[in-house]
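Colleague: File follows, work34.tsv with TSV, N, CA and C atoms:
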```tsv
chain	number	residue	atom	x	y	z
P	1217	MET	N	74.36	217.26	92.48
P	1217	MET	CA	73.72	218.24	91.64
P	1217	MET	C	73.53	217.64	90.27
P	1218	THR	N	72.51	218.05	89.58
P	1218	THR	CA	72.20	217.53	88.26
P	1218	THR	C	72.56	218.56	87.21
P	1219	GLN	N	73.27	218.12	86.17
P	1219	GLN	CA	73.60	218.99	85.06
P	1219	GLN	C	73.29	218.25	83.78
P	1220	GLY	N	72.53	218.87	82.90
P	1220	GLY	CA	72.27	218.28	81.59
P	1220	GLY	C	71.62	216.93	81.64
P	1221	GLY	N	70.83	216.66	82.66
P	1221	GLY	CA	70.16	215.37	82.74
P	1221	GLY	C	71.05	214.30	83.34
P	1222	GLY	N	72.33	214.61	83.54
P	1222	GLY	CA	73.26	213.65	84.10
P	1222	GLY	C	73.51	213.96	85.56
P	1223	GLN	N	73.67	212.94	86.35
P	1223	GLN	CA	73.93	213.14	87.77
P	1223	GLN	C	75.42	213.32	87.96
P	1224	ILE	N	75.83	214.49	88.43
P	1224	ILE	CA	77.23	214.77	88.70
P	1224	ILE	C	77.30	215.24	90.14
P	1225	SER	N	77.72	214.36	91.04
P	1225	SER	CA	77.75	214.72	92.45
P	1225	SER	C	78.96	215.59	92.74
P	1226	ALA	N	78.84	216.42	93.78
P	1226	ALA	CA	79.92	217.31	94.14
P	1226	ALA	C	81.17	216.53	94.53
P	1227	ARG	N	81.03	215.46	95.28
P	1227	ARG	CA	82.17	214.63	95.70
P	1227	ARG	C	81.74	213.16	95.69
P	1228	ASP	N	82.71	212.28	95.46
P	1228	ASP	CA	82.39	210.86	95.52
P	1228	ASP	C	82.52	210.36	96.96
P	1229	ALA	N	82.39	209.06	97.16
P	1229	ALA	CA	82.43	208.48	98.51
P	1229	ALA	C	83.77	208.71	99.18
P	1230	ASN	N	84.85	208.89	98.39
P	1230	ASN	CA	86.18	209.13	98.94
P	1230	ASN	C	86.49	210.62	99.07
P	1231	GLY	N	85.50	211.47	98.78
P	1231	GLY	CA	85.71	212.90	98.90
P	1231	GLY	C	86.33	213.55	97.67
P	1232	LYS	N	86.49	212.79	96.59
P	1232	LYS	CA	87.09	213.32	95.36
P	1232	LYS	C	86.03	213.92	94.45
P	1233	LEU	N	86.42	214.95	93.71
P	1233	LEU	CA	85.54	215.47	92.68
P	1233	LEU	C	85.43	214.47	91.55
P	1234	PRO	N	84.29	214.39	90.87
P	1234	PRO	CA	84.20	213.51	89.71
P	1234	PRO	C	85.16	214.03	88.63
P	1235	PRO	N	85.69	213.15	87.80
P	1235	PRO	CA	86.72	213.54	86.83
P	1235	PRO	C	86.19	214.38	85.66
P	1236	LEU	N	84.88	214.35	85.41
P	1236	LEU	CA	84.34	215.04	84.24
P	1236	LEU	C	83.41	216.17	84.66
P	1237	LEU	N	83.49	217.28	83.92
P	1237	LEU	CA	82.65	218.44	84.20
P	1237	LEU	C	81.83	218.77	82.96
P	1238	LEU	N	80.53	218.80	83.11
P	1238	LEU	CA	79.61	219.21	82.05
P	1238	LEU	C	79.31	220.69	82.27
P	1239	LEU	N	79.70	221.54	81.31
P	1239	LEU	CA	79.57	222.98	81.48
P	1239	LEU	C	78.18	223.51	81.16
P	1240	HIS	N	77.47	222.85	80.23
P	1240	HIS	CA	76.15	223.30	79.81
P	1240	HIS	C	75.34	222.07	79.39
P	1241	PRO	N	74.05	222.04	79.67
P	1241	PRO	CA	73.25	220.85	79.34
P	1241	PRO	C	73.24	220.48	77.86
P	1242	ASP	N	73.44	221.46	76.97
P	1242	ASP	CA	73.44	221.17	75.53
P	1242	ASP	C	74.79	220.70	75.00
P	1243	ASP	N	75.84	220.75	75.82
P	1243	ASP	CA	77.18	220.39	75.35
P	1243	ASP	C	77.27	218.93	74.95
P	1244	ASN	N	78.07	218.67	73.91
P	1244	ASN	CA	78.35	217.28	73.53
P	1244	ASN	C	79.79	216.91	73.87
P	1245	ILE	N	80.45	217.79	74.63
P	1245	ILE	CA	81.77	217.48	75.19
P	1245	ILE	C	81.71	217.74	76.70
P	1246	VAL	N	82.65	217.15	77.41
P	1246	VAL	CA	82.84	217.41	78.84
P	1246	VAL	C	84.31	217.78	79.02
P	1247	VAL	N	84.63	218.34	80.17
P	1247	VAL	CA	85.99	218.78	80.44
P	1247	VAL	C	86.58	217.94	81.58
P	1248	ALA	N	87.85	217.57	81.44
P	1248	ALA	CA	88.53	216.81	82.48
P	1248	ALA	C	88.84	217.73	83.66
P	1249	ARG	N	88.35	217.39	84.85
P	1249	ARG	CA	88.64	218.17	86.07
P	1249	ARG	C	90.01	217.86	86.62
P	1250	ARG	N	90.61	216.80	86.14
P	1250	ARG	CA	91.94	216.36	86.58
P	1250	ARG	C	92.49	215.47	85.48
P	1251	ASP	N	93.75	215.10	85.59
P	1251	ASP	CA	94.31	214.13	84.65
P	1251	ASP	C	93.54	212.82	84.79
P	1252	ILE	N	93.22	212.21	83.66
P	1252	ILE	CA	92.49	210.94	83.65
P	1252	ILE	C	93.38	209.92	82.95
P	1253	ILE	N	93.56	208.78	83.56
P	1253	ILE	CA	94.43	207.76	82.98
P	1253	ILE	C	93.66	206.88	81.99
P	1254	ALA	N	94.38	206.33	81.03
P	1254	ALA	CA	93.77	205.40	80.08
P	1254	ALA	C	93.19	204.21	80.83
P	1255	GLY	N	91.99	203.82	80.47
P	1255	GLY	CA	91.35	202.68	81.09
P	1255	GLY	C	90.57	203.01	82.35
P	1256	GLU	N	90.59	204.28	82.78
P	1256	GLU	CA	89.86	204.65	83.98
P	1256	GLU	C	88.35	204.61	83.70
P	1257	ARG	N	87.61	204.04	84.63
P	1257	ARG	CA	86.16	203.97	84.53
P	1257	ARG	C	85.58	205.24	85.14
P	1258	VAL	N	84.69	205.89	84.39
P	1258	VAL	CA	84.05	207.13	84.85
P	1258	VAL	C	82.54	206.99	84.70
P	1259	GLU	N	81.82	207.90	85.33
P	1259	GLU	CA	80.36	207.90	85.22
P	1259	GLU	C	79.91	209.27	84.71
P	1260	LEU	N	78.97	209.23	83.78
P	1260	LEU	CA	78.40	210.46	83.22
P	1260	LEU	C	77.01	210.15	82.72
P	1261	ASP	N	76.09	211.04	82.96
P	1261	ASP	CA	74.71	210.87	82.49
P	1261	ASP	C	74.13	209.54	82.96
P	1262	GLY	N	74.52	209.11	84.15
P	1262	GLY	CA	73.98	207.89	84.73
P	1262	GLY	C	74.55	206.60	84.17
P	1263	GLU	N	75.59	206.71	83.32
P	1263	GLU	CA	76.20	205.53	82.73
P	1263	GLU	C	77.69	205.50	83.06
P	1264	SER	N	78.21	204.30	83.21
P	1264	SER	CA	79.63	204.10	83.46
P	1264	SER	C	80.30	203.66	82.17
P	1265	PHE	N	81.48	204.22	81.89
P	1265	PHE	CA	82.23	203.82	80.70
P	1265	PHE	C	83.71	204.04	80.94
P	1266	VAL	N	84.53	203.49	80.06
P	1266	VAL	CA	85.99	203.54	80.21
P	1266	VAL	C	86.57	204.60	79.27
P	1267	ILE	N	87.50	205.40	79.81
P	1267	ILE	CA	88.23	206.38	79.00
P	1267	ILE	C	89.33	205.62	78.25
P	1268	PRO	N	89.32	205.68	76.90
P	1268	PRO	CA	90.25	204.85	76.12
P	1268	PRO	C	91.71	205.28	76.14
P	1269	ALA	N	91.98	206.58	76.32
P	1269	ALA	CA	93.36	207.08	76.32
P	1269	ALA	C	93.48	208.18	77.37
P	1270	ALA	N	94.68	208.38	77.89
P	1270	ALA	CA	94.91	209.40	78.91
P	1270	ALA	C	94.52	210.79	78.40
P	1271	VAL	N	93.94	211.59	79.30
P	1271	VAL	CA	93.52	212.96	78.98
P	1271	VAL	C	93.98	213.86	80.12
P	1272	GLU	N	94.57	215.00	79.77
P	1272	GLU	CA	95.07	215.93	80.78
P	1272	GLU	C	93.97	216.86	81.31
P	1273	LEU	N	94.20	217.37	82.50
P	1273	LEU	CA	93.34	218.36	83.14
P	1273	LEU	C	92.98	219.46	82.16
P	1274	GLY	N	91.69	219.80	82.09
P	1274	GLY	CA	91.24	220.91	81.25
P	1274	GLY	C	90.93	220.56	79.82
P	1275	HIS	N	91.28	219.34	79.39
P	1275	HIS	CA	91.03	218.94	78.01
P	1275	HIS	C	89.61	218.42	77.84
P	1276	LYS	N	89.15	218.42	76.60
P	1276	LYS	CA	87.78	218.03	76.26
P	1276	LYS	C	87.71	216.54	75.90
P	1277	LEU	N	86.57	215.93	76.24
P	1277	LEU	CA	86.27	214.56	75.84
P	1277	LEU	C	84.86	214.53	75.27
P	1278	ALA	N	84.63	213.60	74.36
P	1278	ALA	CA	83.31	213.45	73.76
P	1278	ALA	C	82.32	212.93	74.81
P	1279	ARG	N	81.22	213.64	74.98
P	1279	ARG	CA	80.17	213.23	75.91
P	1279	ARG	C	79.43	212.02	75.37
P	1280	ARG	N	79.35	211.92	74.07
P	1280	ARG	CA	78.74	210.79	73.36
P	1280	ARG	C	79.49	210.65	72.04
P	1281	ALA	N	79.23	209.61	71.30
P	1281	ALA	CA	79.89	209.43	70.00
P	1281	ALA	C	79.57	210.64	69.11
P	1282	LEU	N	80.58	211.12	68.40
P	1282	LEU	CA	80.42	212.26	67.49
P	1282	LEU	C	80.88	211.85	66.10
P	1283	GLU	N	80.06	212.13	65.12
P	1283	GLU	CA	80.40	211.83	63.73
P	1283	GLU	C	81.33	212.90	63.16
P	1284	ALA	N	82.02	212.56	62.08
P	1284	ALA	CA	82.81	213.56	61.36
P	1284	ALA	C	81.89	214.69	60.94
P	1285	ASP	N	82.36	215.91	61.02
P	1285	ASP	CA	81.63	217.14	60.68
P	1285	ASP	C	80.57	217.53	61.71
P	1286	ALA	N	80.42	216.77	62.79
P	1286	ALA	CA	79.47	217.15	63.84
P	1286	ALA	C	79.91	218.45	64.49
P	1287	ARG	N	78.98	219.32	64.76
P	1287	ARG	CA	79.25	220.58	65.44
P	1287	ARG	C	79.55	220.27	66.90
P	1288	VAL	N	80.62	220.82	67.44
P	1288	VAL	CA	81.01	220.59	68.83
P	1288	VAL	C	80.54	221.78	69.67
P	1289	LEU	N	79.82	221.48	70.76
P	1289	LEU	CA	79.26	222.51	71.62
P	1289	LEU	C	79.95	222.51	72.98
P	1290	LYS	N	80.40	223.71	73.40
P	1290	LYS	CA	80.99	223.92	74.72
P	1290	LYS	C	80.36	225.20	75.27
P	1291	TYR	N	79.94	225.19	76.51
P	1291	TYR	CA	79.17	226.30	77.10
P	1291	TYR	C	77.89	226.54	76.30
P	1292	GLY	N	77.39	225.51	75.62
P	1292	GLY	CA	76.17	225.63	74.82
P	1292	GLY	C	76.36	226.32	73.49
P	1293	ALA	N	77.60	226.64	73.14
P	1293	ALA	CA	77.88	227.36	71.89
P	1293	ALA	C	78.84	226.55	71.02
P	1294	PRO	N	78.71	226.65	69.69
P	1294	PRO	CA	79.61	225.89	68.82
P	1294	PRO	C	81.04	226.43	68.90
P	1295	ILE	N	82.00	225.51	69.01
P	1295	ILE	CA	83.41	225.90	69.04
P	1295	ILE	C	84.18	225.31	67.86
P	1296	GLY	N	83.54	224.44	67.09
P	1296	GLY	CA	84.20	223.82	65.96
P	1296	GLY	C	83.41	222.62	65.47
P	1297	SER	N	84.03	221.88	64.57
P	1297	SER	CA	83.43	220.66	64.01
P	1297	SER	C	84.47	219.54	64.04
P	1298	MET	N	83.97	218.33	64.17
P	1298	MET	CA	84.87	217.18	64.20
P	1298	MET	C	85.47	216.93	62.82
P	1299	LYS	N	86.78	216.68	62.78
P	1299	LYS	CA	87.45	216.30	61.53
P	1299	LYS	C	87.17	214.84	61.22
P	1300	VAL	N	87.07	214.04	62.27
P	1300	VAL	CA	86.83	212.59	62.16
P	1300	VAL	C	85.82	212.19	63.23
P	1301	ALA	N	85.26	211.02	63.09
P	1301	ALA	CA	84.34	210.50	64.10
P	1301	ALA	C	85.14	210.08	65.34
P	1302	VAL	N	84.53	210.26	66.53
P	1302	VAL	CA	85.14	209.81	67.78
P	1302	VAL	C	84.07	209.10	68.61
P	1303	ALA	N	84.53	208.19	69.44
P	1303	ALA	CA	83.64	207.46	70.35
P	1303	ALA	C	83.47	208.24	71.65
P	1304	ARG	N	82.49	207.87	72.41
P	1304	ARG	CA	82.26	208.47	73.72
P	1304	ARG	C	83.53	208.33	74.56
P	1305	GLY	N	83.92	209.44	75.21
P	1305	GLY	CA	85.09	209.41	76.09
P	1305	GLY	C	86.41	209.69	75.41
P	1306	GLU	N	86.41	209.79	74.08
P	1306	GLU	CA	87.67	210.08	73.38
P	1306	GLU	C	88.04	211.55	73.52
P	1307	HIS	N	89.35	211.81	73.49
P	1307	HIS	CA	89.90	213.14	73.57
P	1307	HIS	C	89.47	213.95	72.35
P	1308	VAL	N	89.00	215.18	72.58
P	1308	VAL	CA	88.62	216.09	71.50
P	1308	VAL	C	89.56	217.28	71.60
P	1309	HIS	N	90.42	217.44	70.57
P	1309	HIS	CA	91.43	218.49	70.61
P	1309	HIS	C	91.85	218.82	69.19
P	1310	LEU	N	92.94	219.54	69.03
P	1310	LEU	CA	93.38	220.02	67.72
P	1310	LEU	C	93.56	218.92	66.67
P	1311	HIS	N	93.92	217.72	67.09
P	1311	HIS	CA	94.16	216.63	66.14
P	1311	HIS	C	92.88	216.13	65.48
P	1312	ASN	N	91.71	216.39	66.11
P	1312	ASN	CA	90.47	215.89	65.52
P	1312	ASN	C	89.33	216.92	65.52
P	1313	LEU	N	89.64	218.16	65.90
P	1313	LEU	CA	88.66	219.24	65.97
P	1313	LEU	C	89.08	220.38	65.05
P	1314	ARG	N	88.19	220.80	64.19
P	1314	ARG	CA	88.43	221.91	63.26
P	1314	ARG	C	87.72	223.15	63.80
P	1315	SER	N	88.43	224.27	63.86
P	1315	SER	CA	87.81	225.51	64.31
P	1315	SER	C	86.83	226.00	63.25
P	1316	ASP	N	85.68	226.48	63.68
P	1316	ASP	CA	84.71	227.06	62.77
P	1316	ASP	C	84.70	228.58	62.86
P	1317	TYR	N	85.68	229.13	63.59
P	1317	TYR	CA	85.76	230.58	63.70
P	1317	TYR	C	86.21	231.16	62.37
P	1318	ILE	N	85.88	232.42	62.16
P	1318	ILE	CA	86.30	233.08	60.92
P	1318	ILE	C	87.81	233.27	60.95
P	1319	PRO	N	88.47	233.37	59.80
P	1319	PRO	CA	89.94	233.45	59.77
P	1319	PRO	C	90.53	234.57	60.63
P	1320	SER	N	89.85	235.68	60.79
P	1320	SER	CA	90.43	236.79	61.56
P	1320	SER	C	90.56	236.47	63.04
P	1321	THR	N	89.90	235.42	63.51
P	1321	THR	CA	90.03	235.05	64.92
P	1321	THR	C	91.03	233.92	65.12
P	1322	SER	N	91.62	233.43	64.04
P	1322	SER	CA	92.59	232.34	64.13
P	1322	SER	C	93.93	232.85	64.65
P	1323	ARG	N	94.65	232.02	65.40
P	1323	ARG	CA	95.98	232.38	65.87
P	1323	ARG	C	97.04	231.62	65.09
P	1324	GLU	N	96.63	230.92	64.03
P	1324	GLU	CA	97.60	230.20	63.21
P	1324	GLU	C	98.42	231.17	62.39
P	1325	LEU	N	99.69	230.85	62.21
P	1325	LEU	CA	100.55	231.70	61.41
P	1325	LEU	C	100.36	231.43	59.93
P	1326	GLY	N	100.46	232.47	59.15
P	1326	GLY	CA	100.40	232.33	57.70
P	1326	GLY	C	101.63	231.61	57.19
P	1327	PRO	N	101.52	230.80	56.11
P	1327	PRO	CA	102.63	229.97	55.66
P	1327	PRO	C	103.83	230.76	55.13
P	1328	SER	N	103.63	231.89	54.47
P	1328	SER	CA	104.76	232.57	53.85
P	1328	SER	C	105.23	233.80	54.60
P	1329	THR	N	104.39	234.37	55.46
P	1329	THR	CA	104.75	235.63	56.11
P	1329	THR	C	105.13	235.47	57.57
P	1330	ASN	N	104.86	234.31	58.14
P	1330	ASN	CA	105.07	234.08	59.57
P	1330	ASN	C	104.33	235.10	60.43
P	1331	THR	N	103.20	235.57	59.94
P	1331	THR	CA	102.35	236.47	60.71
P	1331	THR	C	100.97	235.87	60.78
P	1332	ASP	N	100.21	236.32	61.77
P	1332	ASP	CA	98.84	235.86	61.84
P	1332	ASP	C	97.99	236.71	60.89
P	1333	HIS	N	96.68	236.49	60.92
P	1333	HIS	CA	95.80	237.19	59.97
P	1333	HIS	C	95.71	238.68	60.24
P	1334	ASP	N	96.17	239.13	61.41
P	1334	ASP	CA	96.15	240.55	61.73
P	1334	ASP	C	97.51	241.21	61.52
P	1335	GLY	N	98.48	240.44	60.99
P	1335	GLY	CA	99.81	240.97	60.72
P	1335	GLY	C	100.78	240.90	61.88
P	1336	HIS	N	100.39	240.22	62.98
P	1336	HIS	CA	101.28	240.09	64.14
P	1336	HIS	C	102.20	238.90	63.97
P	1337	ARG	N	103.38	238.99	64.54
P	1337	ARG	CA	104.33	237.88	64.54
P	1337	ARG	C	104.12	237.01	65.74
```
Could you show the structure in this file as structure tokens?

Modeller:
Amino acid sequence: MTQGGGQISARDANGKLPPLLLLHPDDNIVVARRDIIAGERVELDGESFVIPAAVELGHKLARRALEADARVLKYGAPIGSMKVAVARGEHVHLHNLRSDYIPSTSRELGPSTNTDHDGHR
């Protein structure tokens, strides 16, 4: 099946699902369908490349190189912006992704009250 211009087959020659899932053609991230080991060669958008560091099931990876402050799209919608630049295949998570949601949707605790923005502990 084709997604986002990239060929993503349902199963490989060994009957395994491909390790990366593209959720929407406009996305600039993909999701790990399984744990991926560092150095594993994967294929996406008709190109083969190596994953530089291990990534766990369900985590995001850069579909292509992303610059600092680049808007990150998942399901075709913005979910945040990059804090730093990342290369294709790098893990995209809290350490390098800034949420662009308004403060009332944040689950981070306030520094002095130990409550979230809605007053919950």

Colleague: So which residues touch stretch 1299-1305 of chain P within 8 Å, counting all atoms listed in the file, skipping near sequence neighbours fewer than 3 positions away, as a VMD selection string?

Modeller: chain P and resid 1265 to 1269 1276 to 1286 1296 1308 1311 to 1315

Colleague: Okay, now the selection with N, CA and C atoms, as a short mmCIF file (atom, residue, chain, number, x, y, z; two decimals), keeping the file's coordinate frame?

Modeller:
```
data_model
loop_
_atom_site.label_atom_id
_atom_site.label_comp_id
_atom_site.auth_asym_id
_atom_site.auth_seq_id
_atom_site.Cartn_x
_atom_site.Cartn_y
_atom_site.Cartn_z
N PHE P 1265 81.48 204.22 81.89
CA PHE P 1265 82.23 203.82 80.70
C PHE P 1265 83.71 204.04 80.94
N VAL P 1266 84.53 203.49 80.06
CA VAL P 1266 85.99 203.54 80.21
C VAL P 1266 86.57 204.60 79.27
N ILE P 1267 87.50 205.40 79.81
CA ILE P 1267 88.23 206.38 79.00
C ILE P 1267 89.33 205.62 78.25
N PRO P 1268 89.32 205.68 76.90
CA PRO P 1268 90.25 204.85 76.12
C PRO P 1268 91.71 205.28 76.14
N ALA P 1269 91.98 206.58 76.32
CA ALA P 1269 93.36 207.08 76.32
C ALA P 1269 93.48 208.18 77.37
N LYS P 1276 89.15 218.42 76.60
CA LYS P 1276 87.78 218.03 76.26
C LYS P 1276 87.71 216.54 75.90
N LEU P 1277 86.57 215.93 76.24
CA LEU P 1277 86.27 214.56 75.84
C LEU P 1277 84.86 214.53 75.27
N ALA P 1278 84.63 213.60 74.36
CA ALA P 1278 83.31 213.45 73.76
C ALA P 1278 82.32 212.93 74.81
N ARG P 1279 81.22 213.64 74.98
CA ARG P 1279 80.17 213.23 75.91
C ARG P 1279 79.43 212.02 75.37
N ARG P 1280 79.35 211.92 74.07
CA ARG P 1280 78.74 210.79 73.36
C ARG P 1280 79.49 210.65 72.04
N ALA P 1281 79.23 209.61 71.30
CA ALA P 1281 79.89 209.43 70.00
C ALA P 1281 79.57 210.64 69.11
N LEU P 1282 80.58 211.12 68.40
CA LEU P 1282 80.42 212.26 67.49
C LEU P 1282 80.88 211.85 66.10
N GLU P 1283 80.06 212.13 65.12
CA GLU P 1283 80.40 211.83 63.73
C GLU P 1283 81.33 212.90 63.16
N ALA P 1284 82.02 212.56 62.08
CA ALA P 1284 82.81 213.56 61.36
C ALA P 1284 81.89 214.69 60.94
N ASP P 1285 82.36 215.91 61.02
CA ASP P 1285 81.63 217.14 60.68
C ASP P 1285 80.57 217.53 61.71
N ALA P 1286 80.42 216.77 62.79
CA ALA P 1286 79.47 217.15 63.84
C ALA P 1286 79.91 218.45 64.49
N GLY P 1296 83.54 224.44 67.09
CA GLY P 1296 84.20 223.82 65.96
C GLY P 1296 83.41 222.62 65.47
N VAL P 1308 89.00 215.18 72.58
CA VAL P 1308 88.62 216.09 71.50
C VAL P 1308 89.56 217.28 71.60
N HIS P 1311 93.92 217.72 67.09
CA HIS P 1311 94.16 216.63 66.14
C HIS P 1311 92.88 216.13 65.48
N ASN P 1312 91.71 216.39 66.11
CA ASN P 1312 90.47 215.89 65.52
C ASN P 1312 89.33 216.92 65.52
N LEU P 1313 89.64 218.16 65.90
CA LEU P 1313 88.66 219.24 65.97
C LEU P 1313 89.08 220.38 65.05
N ARG P 1314 88.19 220.80 64.19
CA ARG P 1314 88.43 221.91 63.26
C ARG P 1314 87.72 223.15 63.80
N SER P 1315 88.43 224.27 63.86
CA SER P 1315 87.81 225.51 64.31
C SER P 1315 86.83 226.00 63.25
#
```

Colleague: Give the answer as one residue: which of P:Leu1260, P:Leu1310, P:Val1288, P:Ala1254 has the shortest atom-to-atom distance to P:Leu1238, using only C-alpha atoms?

Modeller: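 Ranked by minimum distance to P:Leu1238, first place goes to P:Leu1260.
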
Colleague: List every protein, DNA or RNA residue that has an atom no more than 6.5 Å from (90.7, 212.6, 88.3) in the file's coordinate frame, counting only N, CA and C atoms, and report them as a list of chain:residue names.

Modeller: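 Every polymer residue passing the test: P:Leu1233, P:Pro1234, P:Pro1235, P:Arg1249, P:Arg1250, P:Asp1251, P:Ile1252.
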
Colleague: Provide the atom C of P:His1309 to atom C of P:Arg1257 distance in Å, to one decimal place.

Modeller: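 Atom-to-atom, atom C of P:His1309 and atom C of P:Arg1257 are spaced 21.9 Å apart.
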
Colleague: Atom C of P:Pro1294 and atom C of P:Leu1239 are how many Å apart?

Modeller: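 Separation between atom C of P:Pro1294 and atom C of P:Leu1239: 12.9 Å.
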
Colleague: I need the residues in stretch 1232-1271 of chain P that are strand (DSSP E) according to DSSP; give them as a list in words.

Modeller: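 The strand (DSSP E) residues within stretch 1232-1271 of chain P come out as Leu1236, Leu1237, Ile1245, Val1246, Val1247, Ala1248, Arg1257, Val1258, Glu1259, Leu1260, Glu1263, Ser1264, Phe1265 and Val1266 of chain P.
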
Colleague: Atom N of P:Ile1245 and atom CA of P:Lys1232 are how many Å apart?

Modeller: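 Spanning atom N of P:Ile1245 to atom CA of P:Lys1232 is a straight-line distance of 22.2 Å.
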
Colleague: Measuring between only C-alpha atoms, which one of P:Ala1270, P:Pro1241, P:Gly1231, P:Ile1253 shows the shortest distance to P:His1307?

Modeller: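 Using only C-alpha atoms, the shortest distance to P:His1307 belongs to P:Ala1270.
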
Colleague: P:Asn1244, P:Gly1274, P:Leu1289, P:Leu1236: which is nearest P:Val1258, counting only N, CA and C atoms?

Modeller: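 Closest to P:Val1258, using only N, CA and C atoms: P:Leu1236.
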
Colleague: For P:Leu1237, which residue out of P:Met1298, P:Glu1306, P:Tyr1317, P:His1275 is the nearest one, using only C-alpha atoms?

Modeller: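 That would be P:His1275, the residue with the smallest distance to P:Leu1237.
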